[in-house]
$ cat work_35.pdb   # PDB, C-alpha atoms, pLDDT in the B column
MODEL        1
ATOM      1  CA  MET A   1       1.780 -24.233   2.107  1.00 40.00           C
ATOM      2  CA  ASP A   2      -0.749 -21.585   1.336  1.00 49.00           C
ATOM      3  CA  LEU A   3       1.175 -18.360   1.720  1.00 50.00           C
ATOM      4  CA  VAL A   4      -1.747 -16.077   1.138  1.00 59.00           C
ATOM      5  CA  ASP A   5      -4.866 -17.256   2.923  1.00 62.00           C
ATOM      6  CA  ASN A   6      -4.650 -17.991   6.592  1.00 61.00           C
ATOM      7  CA  PRO A   7      -7.448 -20.406   7.498  1.00 61.00           C
ATOM      8  CA  ASP A   8      -7.088 -19.510  11.179  1.00 64.00           C
ATOM      9  CA  LEU A   9      -8.336 -15.988  10.481  1.00 68.00           C
ATOM     10  CA  PRO A  10     -11.889 -14.886   9.728  1.00 82.00           C
ATOM     11  CA  TYR A  11     -10.602 -11.974   7.628  1.00 92.00           C
ATOM     12  CA  ASN A  12      -9.228 -12.195   4.106  1.00 92.00           C
ATOM     13  CA  VAL A  13      -8.242  -9.165   2.020  1.00 92.00           C
ATOM     14  CA  PHE A  14      -8.642 -11.190  -1.174  1.00 90.00           C
ATOM     15  CA  ALA A  15     -12.409 -11.332  -0.613  1.00 91.00           C
ATOM     16  CA  LYS A  16     -14.125  -8.256  -2.023  1.00 90.00           C
ATOM     17  CA  ALA A  17     -16.578  -7.835   0.853  1.00 91.00           C
ATOM     18  CA  CYS A  18     -14.112  -8.362   3.719  1.00 93.00           C
ATOM     19  CA  PRO A  19     -13.673  -5.200   5.833  1.00 93.00           C
ATOM     20  CA  SER A  20      -9.934  -5.902   6.014  1.00 93.00           C
ATOM     21  CA  ARG A  21      -9.642  -4.856   2.388  1.00 92.00           C
ATOM     22  CA  GLY A  22     -10.804  -1.338   3.235  1.00 92.00           C
ATOM     23  CA  THR A  23      -8.314  -1.100   6.085  1.00 93.00           C
ATOM     24  CA  LEU A  24      -5.481  -2.340   3.864  1.00 92.00           C
ATOM     25  CA  GLU A  25      -6.423   0.399   1.398  1.00 91.00           C
ATOM     26  CA  HIS A  26      -6.442   3.079   4.098  1.00 92.00           C
ATOM     27  CA  VAL A  27      -3.009   1.912   5.197  1.00 92.00           C
ATOM     28  CA  THR A  28      -1.392   1.488   1.790  1.00 89.00           C
ATOM     29  CA  GLY A  29      -3.295   4.069  -0.241  1.00 86.00           C
ATOM     30  CA  ARG A  30      -1.587   6.942  -2.011  1.00 82.00           C
ATOM     31  CA  TRP A  31      -1.584   9.147   1.093  1.00 92.00           C
ATOM     32  CA  GLY A  32      -2.251   6.699   3.906  1.00 94.00           C
ATOM     33  CA  ALA A  33       1.177   5.073   3.677  1.00 92.00           C
ATOM     34  CA  LEU A  34       3.015   8.404   3.661  1.00 93.00           C
ATOM     35  CA  THR A  35       0.896   9.786   6.522  1.00 96.00           C
ATOM     36  CA  LEU A  36       1.575   6.746   8.713  1.00 96.00           C
ATOM     37  CA  GLY A  37       5.262   6.889   7.781  1.00 94.00           C
ATOM     38  CA  ALA A  38       5.522  10.576   8.663  1.00 94.00           C
ATOM     39  CA  LEU A  39       3.752  10.086  12.015  1.00 97.00           C
ATOM     40  CA  SER A  40       6.084   7.229  12.951  1.00 94.00           C
ATOM     41  CA  GLU A  41       8.629   9.900  13.913  1.00 89.00           C
ATOM     42  CA  GLY A  42       6.298  11.442  16.474  1.00 94.00           C
ATOM     43  CA  SER A  43       3.165  13.548  16.730  1.00 96.00           C
ATOM     44  CA  LEU A  44       2.647  16.308  14.198  1.00 97.00           C
ATOM     45  CA  ARG A  45       0.204  19.144  13.700  1.00 95.00           C
ATOM     46  CA  PHE A  46      -1.897  19.216  10.556  1.00 94.00           C
ATOM     47  CA  ASN A  47       0.233  21.773   8.711  1.00 93.00           C
ATOM     48  CA  GLU A  48       3.458  20.039   9.708  1.00 95.00           C
ATOM     49  CA  LEU A  49       2.085  16.808   8.292  1.00 95.00           C
ATOM     50  CA  ARG A  50       1.034  18.562   5.129  1.00 95.00           C
ATOM     51  CA  ARG A  51       4.555  19.832   4.545  1.00 94.00           C
ATOM     52  CA  ARG A  52       6.027  16.416   5.312  1.00 93.00           C
ATOM     53  CA  VAL A  53       3.744  14.556   2.904  1.00 93.00           C
ATOM     54  CA  ASP A  54       4.865  16.545  -0.117  1.00 91.00           C
ATOM     55  CA  GLY A  55       2.067  17.086  -2.640  1.00 93.00           C
ATOM     56  CA  VAL A  56      -0.977  16.191  -0.530  1.00 95.00           C
ATOM     57  CA  SER A  57      -3.923  18.597  -0.626  1.00 96.00           C
ATOM     58  CA  GLU A  58      -5.618  19.824   2.541  1.00 95.00           C
ATOM     59  CA  LYS A  59      -8.771  17.925   1.624  1.00 96.00           C
ATOM     60  CA  MET A  60      -6.996  14.642   0.925  1.00 96.00           C
ATOM     61  CA  LEU A  61      -4.960  14.848   4.106  1.00 96.00           C
ATOM     62  CA  SER A  62      -8.129  15.461   6.129  1.00 96.00           C
ATOM     63  CA  GLN A  63      -9.862  12.480   4.567  1.00 96.00           C
ATOM     64  CA  THR A  64      -6.789  10.292   5.050  1.00 96.00           C
ATOM     65  CA  LEU A  65      -6.464  11.222   8.719  1.00 97.00           C
ATOM     66  CA  GLN A  66     -10.167  10.665   9.311  1.00 96.00           C
ATOM     67  CA  ALA A  67     -10.037   7.137   7.830  1.00 96.00           C
ATOM     68  CA  LEU A  68      -6.927   6.281   9.865  1.00 97.00           C
ATOM     69  CA  GLU A  69      -8.480   7.689  13.037  1.00 97.00           C
ATOM     70  CA  ARG A  70     -11.662   5.702  12.484  1.00 97.00           C
ATOM     71  CA  ASP A  71      -9.638   2.496  12.010  1.00 97.00           C
ATOM     72  CA  GLY A  72      -7.885   3.155  15.336  1.00 97.00           C
ATOM     73  CA  LEU A  73      -4.444   3.771  13.813  1.00 98.00           C
ATOM     74  CA  VAL A  74      -4.165   7.511  14.451  1.00 98.00           C
ATOM     75  CA  HIS A  75      -5.142   9.486  17.547  1.00 97.00           C
ATOM     76  CA  ARG A  76      -6.364  13.051  17.130  1.00 96.00           C
ATOM     77  CA  ASP A  77      -5.637  15.244  20.105  1.00 93.00           C
ATOM     78  CA  ALA A  78      -7.450  18.592  20.138  1.00 90.00           C
ATOM     79  CA  GLN A  79      -6.422  21.143  22.772  1.00 87.00           C
ATOM     80  CA  PRO A  80      -9.079  23.700  23.723  1.00 88.00           C
ATOM     81  CA  THR A  81      -6.794  26.654  23.072  1.00 89.00           C
ATOM     82  CA  ASN A  82      -7.503  29.658  20.900  1.00 88.00           C
ATOM     83  CA  PRO A  83      -6.754  28.984  18.093  1.00 85.00           C
ATOM     84  CA  PRO A  84      -7.344  25.275  18.767  1.00 84.00           C
ATOM     85  CA  ARG A  85      -4.223  23.159  18.605  1.00 87.00           C
ATOM     86  CA  VAL A  86      -4.684  19.734  17.024  1.00 91.00           C
ATOM     87  CA  ASP A  87      -1.978  17.098  17.085  1.00 95.00           C
ATOM     88  CA  TYR A  88      -2.004  13.751  15.349  1.00 97.00           C
ATOM     89  CA  GLU A  89      -0.119  10.737  16.600  1.00 97.00           C
ATOM     90  CA  LEU A  90      -0.012   7.013  15.989  1.00 98.00           C
ATOM     91  CA  THR A  91      -1.811   4.653  18.354  1.00 97.00           C
ATOM     92  CA  PRO A  92       0.112   1.534  19.467  1.00 97.00           C
ATOM     93  CA  LEU A  93      -1.638  -0.406  16.681  1.00 97.00           C
ATOM     94  CA  GLY A  94      -0.732   2.380  14.224  1.00 97.00           C
ATOM     95  CA  HIS A  95       2.927   2.111  15.258  1.00 97.00           C
ATOM     96  CA  GLU A  96       2.940  -1.597  14.488  1.00 96.00           C
ATOM     97  CA  VAL A  97       1.380  -1.021  11.075  1.00 96.00           C
ATOM     98  CA  ALA A  98       3.741   1.901  10.333  1.00 96.00           C
ATOM     99  CA  GLY A  99       6.785  -0.218  11.222  1.00 94.00           C
ATOM    100  CA  ARG A 100       5.826  -2.819   8.619  1.00 94.00           C
ATOM    101  CA  LEU A 101       5.056  -0.135   6.073  1.00 93.00           C
ATOM    102  CA  LEU A 102       8.393   1.607   6.603  1.00 93.00           C
ATOM    103  CA  GLY A 103      10.125  -1.737   6.092  1.00 92.00           C
ATOM    104  CA  LEU A 104       8.442  -1.906   2.700  1.00 93.00           C
ATOM    105  CA  ILE A 105       9.115   1.770   1.916  1.00 92.00           C
ATOM    106  CA  HIS A 106      12.821   1.499   2.736  1.00 92.00           C
ATOM    107  CA  PHE A 107      13.081  -1.700   0.739  1.00 94.00           C
ATOM    108  CA  VAL A 108      11.547  -0.019  -2.334  1.00 94.00           C
ATOM    109  CA  GLU A 109      13.765   3.060  -1.935  1.00 94.00           C
ATOM    110  CA  GLY A 110      16.810   0.808  -1.642  1.00 94.00           C
ATOM    111  CA  ARG A 111      16.038  -1.092  -4.839  1.00 95.00           C
ATOM    112  CA  MET A 112      15.033   1.801  -7.096  1.00 95.00           C
ATOM    113  CA  ASP A 113      18.169   1.460  -9.246  1.00 95.00           C
ATOM    114  CA  GLU A 114      16.927  -2.009 -10.240  1.00 96.00           C
ATOM    115  CA  VAL A 115      13.395  -0.719 -10.806  1.00 96.00           C
ATOM    116  CA  LEU A 116      14.577   2.125 -13.041  1.00 96.00           C
ATOM    117  CA  ALA A 117      16.821  -0.240 -15.028  1.00 97.00           C
ATOM    118  CA  ALA A 118      13.811  -2.552 -15.536  1.00 97.00           C
ATOM    119  CA  ARG A 119      11.697   0.378 -16.742  1.00 96.00           C
ATOM    120  CA  GLU A 120      14.376   1.333 -19.259  1.00 96.00           C
ATOM    121  CA  ARG A 121      14.553  -2.230 -20.596  1.00 96.00           C
ATOM    122  CA  TYR A 122      10.751  -2.392 -20.824  1.00 96.00           C
ATOM    123  CA  ASP A 123      10.439   0.936 -22.645  1.00 95.00           C
ATOM    124  CA  THR A 124      13.330   0.137 -25.018  1.00 95.00           C
ATOM    125  CA  ALA A 125      11.780  -3.241 -25.917  1.00 92.00           C
ATOM    126  CA  ARG A 126       8.429  -1.570 -26.639  1.00 88.00           C
ATOM    127  CA  GLY A 127       9.977   1.294 -28.562  1.00 81.00           C
ATOM    128  CA  GLY A 128      12.088  -1.060 -30.687  1.00 57.00           C
ATOM    129  CA  ARG A 129       9.190  -3.176 -31.896  1.00 46.00           C
TER     130      ARG A 129
ATOM    131  CA  MET B   1      17.194   8.719  14.919  1.00 39.00           C
ATOM    132  CA  ASP B   2      15.371   9.638  11.795  1.00 49.00           C
ATOM    133  CA  LEU B   3      13.104   6.671  11.156  1.00 50.00           C
ATOM    134  CA  VAL B   4      11.744   7.909   7.880  1.00 59.00           C
ATOM    135  CA  ASP B   5      14.433   9.437   5.696  1.00 62.00           C
ATOM    136  CA  ASN B   6      17.543   7.452   5.015  1.00 61.00           C
ATOM    137  CA  PRO B   7      20.331   9.883   4.097  1.00 61.00           C
ATOM    138  CA  ASP B   8      22.346   7.047   2.537  1.00 64.00           C
ATOM    139  CA  LEU B   9      19.761   6.661  -0.209  1.00 69.00           C
ATOM    140  CA  PRO B  10      19.175   8.948  -3.190  1.00 82.00           C
ATOM    141  CA  TYR B  11      15.479   8.000  -3.247  1.00 91.00           C
ATOM    142  CA  ASN B  12      12.785   9.293  -0.901  1.00 92.00           C
ATOM    143  CA  VAL B  13       9.088   8.484  -1.251  1.00 92.00           C
ATOM    144  CA  PHE B  14       8.179  11.585   0.762  1.00 90.00           C
ATOM    145  CA  ALA B  15       9.408  13.794  -2.083  1.00 90.00           C
ATOM    146  CA  LYS B  16       6.689  14.344  -4.666  1.00 90.00           C
ATOM    147  CA  ALA B  17       8.965  14.058  -7.695  1.00 91.00           C
ATOM    148  CA  CYS B  18      10.922  10.979  -6.584  1.00 93.00           C
ATOM    149  CA  PRO B  19      10.298   7.972  -8.873  1.00 93.00           C
ATOM    150  CA  SER B  20      10.189   5.714  -5.811  1.00 93.00           C
ATOM    151  CA  ARG B  21       6.790   7.190  -4.961  1.00 91.00           C
ATOM    152  CA  GLY B  22       5.321   5.828  -8.195  1.00 92.00           C
ATOM    153  CA  THR B  23       6.756   2.380  -7.506  1.00 93.00           C
ATOM    154  CA  LEU B  24       5.407   2.409  -3.952  1.00 92.00           C
ATOM    155  CA  GLU B  25       1.994   3.213  -5.395  1.00 91.00           C
ATOM    156  CA  HIS B  26       2.184   0.372  -7.922  1.00 92.00           C
ATOM    157  CA  VAL B  27       3.104  -1.993  -5.122  1.00 92.00           C
ATOM    158  CA  THR B  28       0.603  -0.828  -2.517  1.00 89.00           C
ATOM    159  CA  GLY B  29      -2.205   0.428  -4.739  1.00 86.00           C
ATOM    160  CA  ARG B  30      -5.719  -0.953  -4.548  1.00 82.00           C
ATOM    161  CA  TRP B  31      -4.931  -3.827  -6.944  1.00 92.00           C
ATOM    162  CA  GLY B  32      -1.138  -3.929  -6.967  1.00 94.00           C
ATOM    163  CA  ALA B  33      -0.895  -5.294  -3.431  1.00 92.00           C
ATOM    164  CA  LEU B  34      -3.459  -8.033  -4.051  1.00 93.00           C
ATOM    165  CA  THR B  35      -1.885  -8.983  -7.399  1.00 96.00           C
ATOM    166  CA  LEU B  36       1.586  -9.327  -5.854  1.00 96.00           C
ATOM    167  CA  GLY B  37       0.105 -11.258  -2.938  1.00 94.00           C
ATOM    168  CA  ALA B  38      -1.735 -13.666  -5.242  1.00 95.00           C
ATOM    169  CA  LEU B  39       1.363 -14.267  -7.404  1.00 97.00           C
ATOM    170  CA  SER B  40       3.474 -15.028  -4.340  1.00 94.00           C
ATOM    171  CA  GLU B  41       1.932 -18.515  -4.399  1.00 89.00           C
ATOM    172  CA  GLY B  42       3.215 -19.212  -7.903  1.00 94.00           C
ATOM    173  CA  SER B  43       2.607 -18.275 -11.522  1.00 96.00           C
ATOM    174  CA  LEU B  44      -0.963 -17.699 -12.658  1.00 97.00           C
ATOM    175  CA  ARG B  45      -2.720 -17.105 -15.933  1.00 95.00           C
ATOM    176  CA  PHE B  46      -4.647 -13.897 -16.420  1.00 94.00           C
ATOM    177  CA  ASN B  47      -8.079 -15.374 -15.727  1.00 93.00           C
ATOM    178  CA  GLU B  48      -6.841 -17.298 -12.701  1.00 95.00           C
ATOM    179  CA  LEU B  49      -5.463 -14.045 -11.306  1.00 95.00           C
ATOM    180  CA  ARG B  50      -8.728 -12.286 -12.011  1.00 95.00           C
ATOM    181  CA  ARG B  51     -10.667 -14.851  -9.996  1.00 94.00           C
ATOM    182  CA  ARG B  52      -8.124 -14.702  -7.185  1.00 93.00           C
ATOM    183  CA  VAL B  53      -8.218 -10.902  -6.901  1.00 93.00           C
ATOM    184  CA  ASP B  54     -11.937 -10.767  -6.225  1.00 91.00           C
ATOM    185  CA  GLY B  55     -13.576  -7.671  -7.713  1.00 93.00           C
ATOM    186  CA  VAL B  56     -10.871  -6.502 -10.122  1.00 95.00           C
ATOM    187  CA  SER B  57     -11.963  -5.614 -13.661  1.00 96.00           C
ATOM    188  CA  GLU B  58     -10.154  -6.953 -16.714  1.00 95.00           C
ATOM    189  CA  LYS B  59      -8.947  -3.456 -17.569  1.00 96.00           C
ATOM    190  CA  MET B  60      -7.642  -2.684 -14.079  1.00 96.00           C
ATOM    191  CA  LEU B  61      -5.842  -6.025 -13.820  1.00 96.00           C
ATOM    192  CA  SER B  62      -4.182  -5.414 -17.210  1.00 96.00           C
ATOM    193  CA  GLN B  63      -3.011  -1.966 -16.147  1.00 96.00           C
ATOM    194  CA  THR B  64      -1.805  -3.272 -12.787  1.00 96.00           C
ATOM    195  CA  LEU B  65       0.186  -6.100 -14.372  1.00 97.00           C
ATOM    196  CA  GLN B  66       1.692  -3.759 -16.942  1.00 96.00           C
ATOM    197  CA  ALA B  67       2.919  -1.333 -14.256  1.00 96.00           C
ATOM    198  CA  LEU B  68       4.365  -4.184 -12.176  1.00 97.00           C
ATOM    199  CA  GLU B  69       6.039  -5.719 -15.235  1.00 97.00           C
ATOM    200  CA  ARG B  70       7.559  -2.358 -16.194  1.00 97.00           C
ATOM    201  CA  ASP B  71       8.942  -1.938 -12.660  1.00 97.00           C
ATOM    202  CA  GLY B  72      10.590  -5.369 -12.917  1.00 97.00           C
ATOM    203  CA  LEU B  73       8.417  -7.005 -10.251  1.00 98.00           C
ATOM    204  CA  VAL B  74       6.350  -9.296 -12.477  1.00 98.00           C
ATOM    205  CA  HIS B  75       7.488 -11.401 -15.425  1.00 97.00           C
ATOM    206  CA  ARG B  76       5.071 -12.010 -18.296  1.00 95.00           C
ATOM    207  CA  ASP B  77       5.631 -15.282 -20.089  1.00 93.00           C
ATOM    208  CA  ALA B  78       3.775 -15.624 -23.401  1.00 90.00           C
ATOM    209  CA  GLN B  79       3.811 -19.052 -25.093  1.00 87.00           C
ATOM    210  CA  PRO B  80       3.320 -19.022 -28.882  1.00 88.00           C
ATOM    211  CA  THR B  81       0.442 -21.512 -28.755  1.00 89.00           C
ATOM    212  CA  ASN B  82      -2.992 -21.122 -30.288  1.00 88.00           C
ATOM    213  CA  PRO B  83      -4.718 -19.653 -28.379  1.00 85.00           C
ATOM    214  CA  PRO B  84      -1.639 -17.958 -26.829  1.00 84.00           C
ATOM    215  CA  ARG B  85      -0.961 -18.931 -23.239  1.00 87.00           C
ATOM    216  CA  VAL B  86       0.233 -16.122 -20.988  1.00 91.00           C
ATOM    217  CA  ASP B  87       1.506 -16.734 -17.478  1.00 95.00           C
ATOM    218  CA  TYR B  88       2.465 -14.135 -14.902  1.00 97.00           C
ATOM    219  CA  GLU B  89       5.004 -14.742 -12.175  1.00 97.00           C
ATOM    220  CA  LEU B  90       6.996 -12.711  -9.698  1.00 98.00           C
ATOM    221  CA  THR B  91      10.620 -11.842 -10.420  1.00 97.00           C
ATOM    222  CA  PRO B  92      13.111 -12.334  -7.564  1.00 97.00           C
ATOM    223  CA  LEU B  93      12.705  -8.628  -6.711  1.00 97.00           C
ATOM    224  CA  GLY B  94       8.913  -9.049  -6.870  1.00 97.00           C
ATOM    225  CA  HIS B  95       9.144 -11.956  -4.413  1.00 97.00           C
ATOM    226  CA  GLU B  96      11.022  -9.780  -1.932  1.00 96.00           C
ATOM    227  CA  VAL B  97       8.449  -6.998  -2.218  1.00 96.00           C
ATOM    228  CA  ALA B  98       5.558  -9.469  -1.965  1.00 96.00           C
ATOM    229  CA  GLY B  99       7.008 -11.022   1.175  1.00 94.00           C
ATOM    230  CA  ARG B 100       7.015  -7.650   2.926  1.00 94.00           C
ATOM    231  CA  LEU B 101       3.537  -6.877   1.656  1.00 93.00           C
ATOM    232  CA  LEU B 102       2.136 -10.184   2.864  1.00 93.00           C
ATOM    233  CA  GLY B 103       3.632  -9.491   6.275  1.00 92.00           C
ATOM    234  CA  LEU B 104       1.598  -6.279   6.339  1.00 93.00           C
ATOM    235  CA  ILE B 105      -1.529  -7.957   4.915  1.00 92.00           C
ATOM    236  CA  HIS B 106      -1.464 -10.758   7.480  1.00 92.00           C
ATOM    237  CA  PHE B 107      -0.859  -8.264  10.262  1.00 94.00           C
ATOM    238  CA  VAL B 108      -3.900  -6.207   9.204  1.00 94.00           C
ATOM    239  CA  GLU B 109      -6.076  -9.331   8.864  1.00 94.00           C
ATOM    240  CA  GLY B 110      -4.954 -10.478  12.298  1.00 94.00           C
ATOM    241  CA  ARG B 111      -5.883  -7.185  13.978  1.00 95.00           C
ATOM    242  CA  MET B 112      -9.229  -6.525  12.305  1.00 95.00           C
ATOM    243  CA  ASP B 113     -11.166  -7.170  15.526  1.00 95.00           C
ATOM    244  CA  GLU B 114      -9.374  -4.156  17.024  1.00 96.00           C
ATOM    245  CA  VAL B 115      -9.957  -2.080  13.896  1.00 96.00           C
ATOM    246  CA  LEU B 116     -13.675  -2.860  13.835  1.00 96.00           C
ATOM    247  CA  ALA B 117     -13.987  -2.061  17.547  1.00 97.00           C
ATOM    248  CA  ALA B 118     -12.274   1.290  16.911  1.00 97.00           C
ATOM    249  CA  ARG B 119     -14.666   2.043  14.063  1.00 96.00           C
ATOM    250  CA  GLU B 120     -17.627   1.316  16.301  1.00 96.00           C
ATOM    251  CA  ARG B 121     -16.299   3.653  19.015  1.00 96.00           C
ATOM    252  CA  TYR B 122     -15.632   6.363  16.428  1.00 96.00           C
ATOM    253  CA  ASP B 123     -19.092   6.099  14.849  1.00 95.00           C
ATOM    254  CA  THR B 124     -20.829   5.982  18.230  1.00 95.00           C
ATOM    255  CA  ALA B 125     -18.979   9.087  19.424  1.00 92.00           C
ATOM    256  CA  ARG B 126     -19.931  10.959  16.256  1.00 88.00           C
ATOM    257  CA  GLY B 127     -23.536   9.759  16.321  1.00 81.00           C
ATOM    258  CA  GLY B 128     -23.904  10.682  19.991  1.00 57.00           C
ATOM    259  CA  ARG B 129     -22.912  14.317  19.556  1.00 46.00           C
TER     260      ARG B 129
ENDMDL
END

$ encode --input "work_35.pdb" --output "structure tokens"
Amino acid sequence: MDLVDNPDLPYNVFAKACPSRGTLEHVTGRWGALTLGALSEGSLRFNELRRRVDGVSEKMLSQTLQALERDGLVHRDAQPTNPPRVDYELTPLGHEVAGRLLGLIHFVEGRMDEVLAARERYDTARGGR
Amino acid sequence: MDLVDNPDLPYNVFAKACPSRGTLEHVTGRWGALTLGALSEGSLRFNELRRRVDGVSEKMLSQTLQALERDGLVHRDAQPTNPPRVDYELTPLGHEVAGRLLGLIHFVEGRMDEVLAARERYDTARGGR
């Protein structure tokens, strides 16, 4: 069985020009994954999100949110108050994506002892050559 | 319930300094995700992988494989032939990660019609201002 390509679908992330590759990158990129994960708990304002996604710059968070909004994964809700209040929340599609991502995130977090042991073996083998 | 942080785990990708963030990035990065996905079908030689992961440069694929090998997700098998034959395959841990990634990849591919419709709405709204 071909585990990777699904012939029933017109989209294929393995093809350079397929638009699904861009969306996968928005979802899994350095900040996209953490932004979706943070918003899976509920809507957040920009500065709340920035604190939650430790290390992200204002510029990168803006760009990340814009890409996710354009792909229909995040909804931006601007209230006409003074100062304007802007909340970000996941769309239903965004929730489905975030659920799968969090499954991956929790799996990685849960297996980090193995990962760190592998790194030590790798570095020792290189250092001992 | 806190969906994001798991207090039972010492690792947390939302914390900038946590080593799990680096591993998540190796796994979900631009080329890491496609490399793991391609290897989920079975072992591949370097040039086979390069053709499969359409668009990756030789240098980027080397760096990607090295990071995944160091994290214990990919095994590099070098045969002492002339010319040397090098195969790459997933470790058991790599298979588990790849399975979760492919779930996400297939989900994204399957919902691209919705994503592209959202992009069109977004661009139209911006253009119409």

$ closest_residue --input "work_35.pdb" --among "B:Ala125, B:Met60, B:Ala15, B:Val74" --to "chain A" --atoms "all atoms listed in the file"
B:Ala15

$ resolve_selection --input "work_35.pdb" --expression "the PyMOL selection byres ((chain A) within 7 of (chain B))" --output "VMD selection string"
chain A and resid 3 to 4 9 11 to 12 14 to 16 20 24 to 25 28 to 30 34 37 to 38 41 52 to 55 70 to 72 100 104 to 105 108 to 110 112 115 to 116 118 to 119 122

$ axis_aligned_box --input "work_35.pdb" --around "segment 41-58 of chain A" --padding-each-side "8 Å" --output "JSON"
{"center_x": 1.5, "center_y": 15.8, "center_z": 7.0, "size_x": 30.2, "size_y": 27.9, "size_z": 35.4}

$ closest_residue --input "work_35.pdb" --among "B:Thr81, B:Arg76, B:Thr124, B:Pro92" --to "Leu44 of chain B" --atoms "all atoms listed in the file"
B:Arg76

$ residues_around --input "work_35.pdb" --residues "Pro84 of chain A" --least-positions-apart "5" --cutoff "12 Å" --atoms "only C-alpha atoms" --output "VMD selection string"
chain A and resid 45 to 46 77 to 79

$ atom_distance --input "work_35.pdb" --atom1 "atom CA of His75 of chain B" --atom2 "atom CA of Gly32 of chain A"
28.2 Å

$ atom_distance --input "work_35.pdb" --atom1 "atom CA of Ser57 of chain B" --atom2 "atom CA of Asn82 of chain B"
24.4 Å
